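Structure, as structure tokens:
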Amino acid sequence: MSKARALIIWLAAYGSRIVMVLLLLTVAGAIFGSLPRTHLTVEAGTDGGLFDAMAETLREDLAPYGVKVNIINRADSKNIIEDIADSSSVVDAGFVASDIPAQLNPLVRQAGTVMYSPVYLVAAKDSDIRSVADIAGQSISLYPKDSAAWAVCEYILRSYGVDLVDEMSSYGNGLKVLENTATGVTDAGCLIDVPAGSSITYAGDSLALLAQPGLRFLEIQEAQAIEANEDFIVASKIEAGTFELFPNVTPSKTIQTNAALITFVAKENLPRELVTIIAESFRLQYGNGTAVNPAGELPSTQLSSVAAFEGAQDVIENGLPWLYRNASFPVAAFLDKFLSSYGLFLTTIFLVLAILDNIGFSKPWHLVRQSRQPRMRLIAQSVAERQRANGTLSRSDERKLAAVERWIRSQNKGIDEVEDLVNQVVSQSRSSSRKKSPK
């Protein structure tokens, strides 16, 4: 027997089983691949800092969906983007307020800029510091070195000829920076922090400290020029009376400053179901407006040069899609993921089958059924040939012959049932005819 004929016989015997197994594996793979992801690792900045508070708020918002958010702190938050872009890192996402290197852009996506975080440059009220340039040679409190807030402050101070010296610098979170400056531990302080009116829980403490009588606000008079040189920094204002109106107006006059754009950035393959509920969290938390931005301006995917996740802006503008509003998160996320991945393929298959059916082609199942008889005949012939050649049947041939016999019985059973029904109808018809015929 030639190899080609042997292959044809083997396919006739096992082809349908192989196809069925492959089909089941494909369906199982599609279902497993569409199961929603229920964990997210967010890298934040300094423990107790602004990014940490924002990450904690996101964790609370995602908990009702059954999504567990793990927060990792990294003091040098300027480098968070590197962990996000690293495919081997467990970090999925994080809040970023710094330049994103061009080579990392293809590896990440953003789900929205959520906050204009003002730069607060302050000095002890009884110090001789009256301008940003006066900070040169003075002690200063900052966020940890290489954090996003430190990088923003370092850039602005350097723009005014102020070099940061480790021996003259004290480091901590935003609350520590304000406390150190107000109590005279350092002569000045610089931080990026929440604007007045923010819903972040962290805002209450820091905004209260900004109203302390021991602080003087320093103005960044060239805020527009600084904005022109950095994509993630914009010109902003701290309006008079933002932190206190009575008994002391704080600040006493409107202060020109800058603000850093805080954007949520994630690995480019973050599942769409997580992007959807993250965008919804941002819509609820950051959409009401603050002293810096009007309601409805944030969150937004239009402010960062990083490509946005598909659908994020739509959720920000319109809320959760219908599916997520009317079904539990596991069900909605599964259907959303499955249909987005396989919906076009299934639609194409059904369309092709419908067209073939309309122009007269047999349905695939009919083709399978029609092929069974020639396949069974081919198997039986091959078994008979080997029996004549070998004088006996192998175990494999016995199994094949048993399969053919089962098919014959199934066919005969159907035929016998039809034959019995036909005989019954004919018999009753003839009996009725005899009764009606005249004697």
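Scheme for the structure tokens: letters A, B, ... for chains in order shown; per-chain residue numbers from 1; ligand numbers from 1 in order shown.
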Excluding stretch 155-162 of chain A and residues on its chain fewer than 6 positions from it, collect all residues at most 12 Å away from it, counting only C-alpha atoms, and give them as a PyMOL selection string.
-> chain A and resi 98-99+119-121+131-140+142+146+148-149+168+188-192+218-227+229-230+233-235+257-260
Among stretch 132-220 of chain A, which residues carry a DSSP assignment of strand (DSSP E), reported as a ChimeraX atom specification?
-> /A:140-142,169-171,188-192,215-217
Extract, using only C-alpha atoms, all DNA, RNA and protein residues at most 8 Å from A:Gly112, discarding same-chain residues fewer than 3 positions from it, and format them as a ChimeraX atom specification.
-> /A:263-265,279,282,299-302,304,308,312-313
Those residues you just picked out, can you put them in a file as a PDB file, in the first residue's frame with C-alpha atoms?
ATOM      1  CA  THR A 263      -1.032  60.842  33.600  1.00  0.00           C
ATOM      2  CA  PHE A 264      -1.887  57.193  34.205  1.00  0.00           C
ATOM      3  CA  VAL A 265       0.364  55.070  31.979  1.00  0.00           C
ATOM      4  CA  ALA A 279     -11.215  55.110  33.121  1.00  0.00           C
ATOM      5  CA  PHE A 282     -10.883  58.507  36.859  1.00  0.00           C
ATOM      6  CA  PRO A 299      -9.533  63.473  32.909  1.00  0.00           C
ATOM      7  CA  SER A 300      -8.482  63.586  29.281  1.00  0.00           C
ATOM      8  CA  THR A 301      -6.470  61.458  26.856  1.00  0.00           C
ATOM      9  CA  GLN A 302      -5.746  64.506  24.688  1.00  0.00           C
ATOM     10  CA  SER A 304      -0.259  63.522  26.688  1.00  0.00           C
ATOM     11  CA  ALA A 308      -4.280  56.349  24.477  1.00  0.00           C
ATOM     12  CA  ALA A 312     -10.666  55.132  27.366  1.00  0.00           C
ATOM     13  CA  GLN A 313     -11.808  58.579  26.230  1.00  0.00           C
TER      14      GLN A 313
END
Would you list the contacts of stretch 76-79 of chain A as number ranges by chain, taking every protein, DNA or RNA residue within 9 Å and counting only C-alpha atoms, but skipping same-chain residues closer than 6 positions in sequence?
-> A: 43-46, 51, 95-99, 144-151
Counting only C-alpha atoms, which of A:Gln373, A:Thr242, A:Ser117, A:Ser199 gets nearest to A:Gly289?
->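 Between A:Gln373, A:Thr242, A:Ser117, A:Ser199, the residue approaching A:Gly289 most closely is A:Ser199.
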Atomic distance atom CA of A:Thr254 - atom CA of A:Glu239, expressed in Å with one decimal |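 Spanning atom CA of A:Thr254 to atom CA of A:Glu239 is a straight-line distance of 4.3 Å.
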Could you pull out the helix (DSSP H, G or I) residues of stretch 128-366 of chain A from DSSP and send them as a PyMOL selection string?
-> chain A and resi 132-135+148-159+166-168+174-182+202-210+223-229+272-286+312-318+322-326+329-358+364-366
Please provide the set of residues having any atom within 12 Å of stretch 201-210 of chain A, restricted to only C-alpha atoms, with same-chain residues fewer than 5 positions apart removed, written as an MDAnalysis selection string.
-> chainID A and resid 48:58 60 117:118 120:124 173:183 189:196 215:217 238 241:244 249:251 285 290:291
Using only C-alpha atoms, what table do you get, as JSON lines, when you list each residue of stretch 243-341 of chain A with an atom no more than 9 Å from stretch 25-40 of chain A, its nearest pair of atoms, and their distance in Å rounded to one decimal, rows by chain then rising number?
{"residue": "A:Pro271", "atom": "CA", "partner": "A:Arg37", "partner_atom": "CA", "distance": 7.2}
{"residue": "A:Glu273", "atom": "CA", "partner": "A:Pro36", "partner_atom": "CA", "distance": 6.9}
{"residue": "A:Leu274", "atom": "CA", "partner": "A:Arg37", "partner_atom": "CA", "distance": 7.4}
{"residue": "A:Phe329", "atom": "CA", "partner": "A:Pro36", "partner_atom": "CA", "distance": 8.5}
{"residue": "A:Pro330", "atom": "CA", "partner": "A:Pro36", "partner_atom": "CA", "distance": 6.3}
{"residue": "A:Val331", "atom": "CA", "partner": "A:Pro36", "partner_atom": "CA", "distance": 8.5}
{"residue": "A:Ala332", "atom": "CA", "partner": "A:Pro36", "partner_atom": "CA", "distance": 8.9}
{"residue": "A:Ala333", "atom": "CA", "partner": "A:Pro36", "partner_atom": "CA", "distance": 5.6}
{"residue": "A:Phe334", "atom": "CA", "partner": "A:Leu35", "partner_atom": "CA", "distance": 5.3}
{"residue": "A:Leu335", "atom": "CA", "partner": "A:Ser34", "partner_atom": "CA", "distance": 7.7}
{"residue": "A:Asp336", "atom": "CA", "partner": "A:Ser34", "partner_atom": "CA", "distance": 8.4}
{"residue": "A:Lys337", "atom": "CA", "partner": "A:Ser34", "partner_atom": "CA", "distance": 5.4}
{"residue": "A:Phe338", "atom": "CA", "partner": "A:Ser34", "partner_atom": "CA", "distance": 5.1}
{"residue": "A:Leu339", "atom": "CA", "partner": "A:Ser34", "partner_atom": "CA", "distance": 8.9}
{"residue": "A:Ser341", "atom": "CA", "partner": "A:Ser34", "partner_atom": "CA", "distance": 8.2}
For A:Asn288, which of A:Ile379, A:Met115, A:Val418, A:Val404 is the closest residue, counting only C-alpha atoms?
->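 So, comparing all the options, the nearest one is A:Met115.
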Å distance separating atom CA of A:Arg272 from atom CA of A:Ala295, one decimal place | 26.2 Å
